[in-house]
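Visitor: One structure follows; several queries about it will come next.
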There are 2 protein chains.
Amino acid sequence: MAGARALGFKGCRKIGGSQIRNLLNAKDFFLFDCDGVIWHGEEAITGAPKVVSSLIKHGKNVFFVTNNCTRPRKNYVNKFYRLGFTDVMQEQIFSSSYCSALYLRDVAKVQGKVFVIGGEGVRNELLQAGIPFVGDEDAPDGTIFNCALASDVKAVLVGHDDKFTFLKLAKASCYLRDPECLFLATDVDPWHPLQDGRILPGSGCLTAALEVATGRKAMVIGKPSPFMFECISSQFRVDPAQCLMVGDRLETDMLFGANCGLDTMLTLTGISQMKTAQEYRDSDHSTNQSFVPDYVVDTIADFLPAFED
Amino acid sequence: MAGARALGFKGCRKIGGSQIRNLLNAKDFFLFDCDGVIWHGEEAITGAPKVVSSLIKHGKNVFFVTNNCTRPRKNYVNKFYRLGFTDVMQEQIFSSSYCSALYLRDVAKVQGKVFVIGGEGVRNELLQAGIPFVGDEDAPDGTIFNCALASDVKAVLVGHDDKFTFLKLAKASCYLRDPECLFLATDVDPWHPLQDGRILPGSGCLTAALEVATGRKAMVIGKPSPFMFECISSQFRVDPAQCLMVGDRLETDMLFGANCGLDTMLTLTGISQMKTAQEYRDSDHSTNQSFVPDYVVDTIADFLPAFED
């Protein structure tokens with residue numbers, strides 16, 4: 001089956017019933033974003049565990065592609081299990097922290113330490129990859145005027161960091177004055193919704209701060225950059241034409257799919273809504289077309305009837 | 001004397017001797033940026049105290065227009081005195097924190113509290129202006145999941161804050177979800193040079209982080225916004241055609257002058273260099289012309305011979 005765009009569809013096609021069945025039959029690889037797609041925080045989207053296990057039982061290849069860099073992959077396996085996804089294995093999980101470590105080790109082949117703005121997810125993946133790092137050893141009264149700077153920092157990696165401080169920003173800015181020092185971001189997600197209308201600033205905020213301080217642009221590992229798809233391709237034999245990327249955020253998930261040449265599906269259980277997708281579709285800016293999903297479903301639980309005989 | 005641009009000069013005119021004397025005679029109001037222009041940190045630029053006192057003795061009106069929001073104005077008076085500027089009074093000093101407080105009180109007439117990201121300079125000016133504020137009362141283990149949010153925050157003010165934390169960013173992001181809550185930045189300076197090649201991230205970094213988290217743009221009080229000139233005009237009878245703006249940063253000081261209709265002078269004792277100014281002048285982008293100084297001097301000490309008989 002050719003890609004949805006090649007068939008002349010205009011995008012934002014709300015599908016159900018036999019259309020979903022046909023699409024699931026036609027694809028062999030299913031890439032899912034996590035938050036807003038298969039779960040909300042600590043609660044699985046109703047029906048999502050059954051969708052994932054049914055796809056796997058039907059011989060489909062399922063991958064999880066998440067910009068959330070706060071957990072090591074091994075903790076993700078536990079979370080999947082806890083939320084009822086009992087047949088997900090570590091190999092299926094591609095997080096922005098895991099892929100950042102792969103990039104530093106295998107692509108940039110960094111020789112020296114990495115200065116980390118980030119939490120346990122980032123640190124653990126670097127540890128697993130054998131990459132030395134620094135970044136969380138400041139005294140409470142440390143300042144940029146009196147603190148020590150490591151001599152062999154060859155990269156700065158920015159991810160979500162709820163212990164972010166002015167001093168971390170200042171130290172990273174100093175390291176990045178060396179043009180040879182790599183500037184990497186796990187992702188540039190702007191914010192994440194919390195309970196009670198509160199919001200959690202994302203890695204994109206911290207990256208923006210550092211970009212202003214340094215006058216440099218970060219290389220981004222997470223969606224919408226295609227690098228996480230390259231990580232999957234390097235480990236599995238994947239045909240983009242056989243892939244469906246399912247996500248809830250037009251500006252990251254749908255753009256990621258478009259950047260990788262994948263068909264895309266927006267699920268309405270997360271951040272982006274149909275109206276915005278249609279506005280992108282109907283806008284005159286050709287760049288906006290990359291945000292437009294090929295398909296739209298209310299929830300991935302709409303897949304379930306397709307698995308019934 | 002008409003403005004330099006009106007006379008058909010192309011900008012970046014390096015002047016000395018009688019040209020400086022003529023310019024000083026022609027102008028009645030002298031606006032100086034501070035850091036990089038009259039001092040470097042805790043050291044006066046050689047000759048600068050004499051330049052300032054000579055201008056004042058010759059009946060000129062001298063103002064200091066600084067984006068540095070870290071000191072209250074009364075502390076600036078002390079610093080001026082300590083560095084040898086013995087005849088500078090508080091009324092001559094227009095800092096971005098003082099002008100932010102004026103904006104909140106007299107223009108926005110804010111009814112409610114201000115959430116402050118910033119240090120003593122910002123807090124003290126708000127106190128002087130009688131504006132209630134919050135922002136620095138977090139427990140060390142506070143998080144955006146468990147912290148209290150004030151109910152009547154009607155504005156967020158971002159300035160330089162070397163105690164900036166992720167939690168401050170997150171709280172500010174929550175307050176700014178209310179579209180009625182004002183979003184103000186003292187300035188958007190990207191960074192400041194320190195000793196030993198280190199750099200100090202500026203307010204612009206923190207503002208950028210918050211802009212990404214909220215999808216909103218801050219209203220900026222400091223240079224290059226013209227608001228600080230409006231503050232001066234509201235207190236003194238100032239004719240823009242009689243003003244000279246002297247600064248060291250093309251993208252803030254020269255643009256500020258251009259935005260306010262003032263003649264501008266770049267002094268080469270600070271951040272921007274002649275080469276960059278000439279590149280702006282010779283570029284095809286018309287917006288870049290606003291960064292081009294009318295005049296250039298090596299240092300404001302070049303003014304001194306003009307005061308000799």
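FYI, nothing fancy with the structure tokens labels: chains A, B, ... in order, residues from 1 per chain, ligands from 1 as they appear.
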Using only C-alpha atoms and a cut-off of 6 Å, which residues of chain B sit close to chain A? Please list them as a VMD selection string.
Guide: chain B and resid 162 164 to 166 170 174 190 to 191 198 to 201 205 to 206 208 to 209 212 to 213
Visitor: Using only N, CA and C atoms, please write the residues we just selected to a file, as a PDB file, in the first residue's frame.
Guide:
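Final output, saved to again.pdb:
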```pdb
ATOM      1  N   ASP B 162      20.209  35.095  39.932  1.00  0.00           N
ATOM      2  CA  ASP B 162      21.207  34.030  40.084  1.00  0.00           C
ATOM      3  C   ASP B 162      20.737  32.964  41.073  1.00  0.00           C
ATOM      4  N   PHE B 164      17.774  31.566  40.242  1.00  0.00           N
ATOM      5  CA  PHE B 164      16.746  30.989  39.366  1.00  0.00           C
ATOM      6  C   PHE B 164      16.725  29.469  39.507  1.00  0.00           C
ATOM      7  N   THR B 165      15.519  28.918  39.618  1.00  0.00           N
ATOM      8  CA  THR B 165      15.367  27.465  39.719  1.00  0.00           C
ATOM      9  C   THR B 165      14.275  26.984  38.775  1.00  0.00           C
ATOM     10  N   PHE B 166      14.242  25.683  38.593  1.00  0.00           N
ATOM     11  CA  PHE B 166      13.179  25.090  37.788  1.00  0.00           C
ATOM     12  C   PHE B 166      11.810  25.402  38.382  1.00  0.00           C
ATOM     13  N   ALA B 170       8.553  27.024  36.668  1.00  0.00           N
ATOM     14  CA  ALA B 170       7.278  26.308  36.605  1.00  0.00           C
ATOM     15  C   ALA B 170       6.146  27.137  37.202  1.00  0.00           C
ATOM     16  N   CYS B 174       2.767  28.668  35.333  1.00  0.00           N
ATOM     17  CA  CYS B 174       1.384  28.454  35.777  1.00  0.00           C
ATOM     18  C   CYS B 174       0.631  29.778  35.884  1.00  0.00           C
ATOM     19  N   PRO B 190      21.335  38.959  26.597  1.00  0.00           N
ATOM     20  CA  PRO B 190      21.594  37.522  26.515  1.00  0.00           C
ATOM     21  C   PRO B 190      22.650  37.029  27.500  1.00  0.00           C
ATOM     22  N   TRP B 191      23.712  37.790  27.701  1.00  0.00           N
ATOM     23  CA  TRP B 191      24.809  37.339  28.571  1.00  0.00           C
ATOM     24  C   TRP B 191      25.711  38.537  28.854  1.00  0.00           C
ATOM     25  N   ARG B 198      34.821  33.517  31.498  1.00  0.00           N
ATOM     26  CA  ARG B 198      33.507  33.001  31.884  1.00  0.00           C
ATOM     27  C   ARG B 198      32.420  33.976  31.451  1.00  0.00           C
ATOM     28  N   ILE B 199      31.201  33.470  31.354  1.00  0.00           N
ATOM     29  CA  ILE B 199      30.100  34.382  31.041  1.00  0.00           C
ATOM     30  C   ILE B 199      28.955  34.177  32.020  1.00  0.00           C
ATOM     31  N   LEU B 200      28.215  35.246  32.179  1.00  0.00           N
ATOM     32  CA  LEU B 200      27.072  35.254  33.079  1.00  0.00           C
ATOM     33  C   LEU B 200      25.821  35.338  32.214  1.00  0.00           C
ATOM     34  N   PRO B 201      24.970  34.307  32.241  1.00  0.00           N
ATOM     35  CA  PRO B 201      23.734  34.394  31.460  1.00  0.00           C
ATOM     36  C   PRO B 201      22.893  35.587  31.915  1.00  0.00           C
ATOM     37  N   CYS B 205      17.932  35.007  28.874  1.00  0.00           N
ATOM     38  CA  CYS B 205      17.878  33.540  28.908  1.00  0.00           C
ATOM     39  C   CYS B 205      16.639  33.073  29.659  1.00  0.00           C
ATOM     40  N   LEU B 206      16.410  33.693  30.814  1.00  0.00           N
ATOM     41  CA  LEU B 206      15.298  33.279  31.664  1.00  0.00           C
ATOM     42  C   LEU B 206      13.968  33.633  31.003  1.00  0.00           C
ATOM     43  N   ALA B 208      13.491  33.831  27.787  1.00  0.00           N
ATOM     44  CA  ALA B 208      13.305  32.899  26.665  1.00  0.00           C
ATOM     45  C   ALA B 208      12.735  31.576  27.164  1.00  0.00           C
ATOM     46  N   ALA B 209      13.239  31.098  28.299  1.00  0.00           N
ATOM     47  CA  ALA B 209      12.729  29.843  28.856  1.00  0.00           C
ATOM     48  C   ALA B 209      11.236  29.959  29.148  1.00  0.00           C
ATOM     49  N   VAL B 212       9.038  30.030  26.014  1.00  0.00           N
ATOM     50  CA  VAL B 212       8.808  28.703  25.441  1.00  0.00           C
ATOM     51  C   VAL B 212       7.749  27.952  26.261  1.00  0.00           C
ATOM     52  N   ALA B 213       7.841  28.054  27.593  1.00  0.00           N
ATOM     53  CA  ALA B 213       6.902  27.324  28.450  1.00  0.00           C
ATOM     54  C   ALA B 213       5.470  27.817  28.289  1.00  0.00           C
TER      55      ALA B 213
END
```
Visitor: Show me, as a list in words, the residues that have an atom within 6 Å of Ser290 in chain B when counting only C-alpha atoms, minus same-chain residues fewer than 2 positions from it.
Guide: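 In the requested form, the answer reads Leu255, Ala258, Thr287, Asn288 and Val292 of chain B.
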Visitor: Would you mind exporting all heavy atoms of the selected residues as a PDB file, in the first residue's frame?
Guide:
```pdb
ATOM      1  N   LEU B 255      20.266  50.288  19.083  1.00  0.00           N
ATOM      2  CA  LEU B 255      18.882  50.091  18.669  1.00  0.00           C
ATOM      3  C   LEU B 255      17.939  50.921  19.541  1.00  0.00           C
ATOM      4  O   LEU B 255      16.959  51.499  19.047  1.00  0.00           O
ATOM      5  CB  LEU B 255      18.533  48.597  18.754  1.00  0.00           C
ATOM      6  CG  LEU B 255      17.121  48.210  18.329  1.00  0.00           C
ATOM      7  CD1 LEU B 255      16.805  48.693  16.915  1.00  0.00           C
ATOM      8  CD2 LEU B 255      16.923  46.694  18.431  1.00  0.00           C
ATOM      9  N   ALA B 258      18.066  54.400  18.279  1.00  0.00           N
ATOM     10  CA  ALA B 258      17.315  54.498  17.029  1.00  0.00           C
ATOM     11  C   ALA B 258      15.814  54.460  17.297  1.00  0.00           C
ATOM     12  O   ALA B 258      15.045  55.233  16.711  1.00  0.00           O
ATOM     13  CB  ALA B 258      17.724  53.362  16.083  1.00  0.00           C
ATOM     14  N   THR B 287      16.653  46.440   8.417  1.00  0.00           N
ATOM     15  CA  THR B 287      16.510  46.427   9.879  1.00  0.00           C
ATOM     16  C   THR B 287      17.864  46.560  10.562  1.00  0.00           C
ATOM     17  O   THR B 287      17.951  47.126  11.648  1.00  0.00           O
ATOM     18  CB  THR B 287      15.844  45.129  10.367  1.00  0.00           C
ATOM     19  OG1 THR B 287      16.507  44.025   9.767  1.00  0.00           O
ATOM     20  CG2 THR B 287      14.369  45.102  10.025  1.00  0.00           C
ATOM     21  N   ASN B 288      18.911  46.058   9.941  1.00  0.00           N
ATOM     22  CA  ASN B 288      20.239  46.141  10.555  1.00  0.00           C
ATOM     23  C   ASN B 288      20.727  47.572  10.702  1.00  0.00           C
ATOM     24  O   ASN B 288      21.617  47.853  11.508  1.00  0.00           O
ATOM     25  CB  ASN B 288      21.262  45.358   9.716  1.00  0.00           C
ATOM     26  CG  ASN B 288      21.102  43.855   9.909  1.00  0.00           C
ATOM     27  OD1 ASN B 288      20.404  43.420  10.822  1.00  0.00           O
ATOM     28  ND2 ASN B 288      21.745  43.082   9.054  1.00  0.00           N
ATOM     29  N   VAL B 292      23.322  50.470  13.730  1.00  0.00           N
ATOM     30  CA  VAL B 292      24.530  51.203  13.313  1.00  0.00           C
ATOM     31  C   VAL B 292      24.643  52.500  14.101  1.00  0.00           C
ATOM     32  O   VAL B 292      23.729  53.331  14.077  1.00  0.00           O
ATOM     33  CB  VAL B 292      24.480  51.500  11.803  1.00  0.00           C
ATOM     34  CG1 VAL B 292      25.731  52.255  11.377  1.00  0.00           C
ATOM     35  CG2 VAL B 292      24.325  50.211  11.011  1.00  0.00           C
TER      36      VAL B 292
END
```
Visitor: Could you tell me how far CA of Ala129 in chain A lies from CA of Phe227 in chain A, in Å and to one decimal?
Guide: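 Straight-line distance from CA of Ala129 in chain A to CA of Phe227 in chain A works out to 17.2 Å.
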Visitor: When you look at Trp39 in chain A with a cut-off of 10 Å (counting only C-alpha atoms), what residues show up, excluding the ones that are within fewer than 3 positions of it in the same chain? I need them as a VMD selection string.
Guide: chain A and resid 33 to 36 42 to 46 48 to 49 80 83 269 to 270
Visitor: Would you mind reading off the distance between CA of Pro132 in chain A and CA of Phe63 in chain A, one decimal, in Å?
Guide: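 Interatomic distance here is 28.3 Å.
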Visitor: So, with only C-alpha atoms as the atoms that count, which of A:Phe85, A:Tyr103, A:Phe115, A:Phe236 lies closest to Val220 in chain A?
Guide: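 When distances to Val220 in chain A are compared using only C-alpha atoms, the smallest one comes from A:Tyr103.
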Visitor: Just how far from CA of Val116 in chain A is CA of Ala155 in chain A, in Å to one decimal?
Guide: 8.5 Å
Visitor: Residues of range 119-304 of chain B in helix (DSSP H, G or I) according to DSSP, as JSON, numbers by chain?
Guide: {"B": [120, 121, 122, 123, 124, 125, 126, 127, 128, 166, 167, 168, 169, 170, 171, 172, 173, 174, 175, 195, 196, 197, 203, 204, 205, 206, 207, 208, 209, 210, 211, 212, 213, 214, 227, 228, 229, 230, 231, 232, 233, 234, 235, 240, 241, 242, 250, 251, 252, 253, 254, 255, 256, 257, 258, 259, 260, 274, 275, 276, 277, 278, 279, 280, 281, 282, 286, 287, 288, 289, 290, 291, 300, 301, 302, 303, 304]}
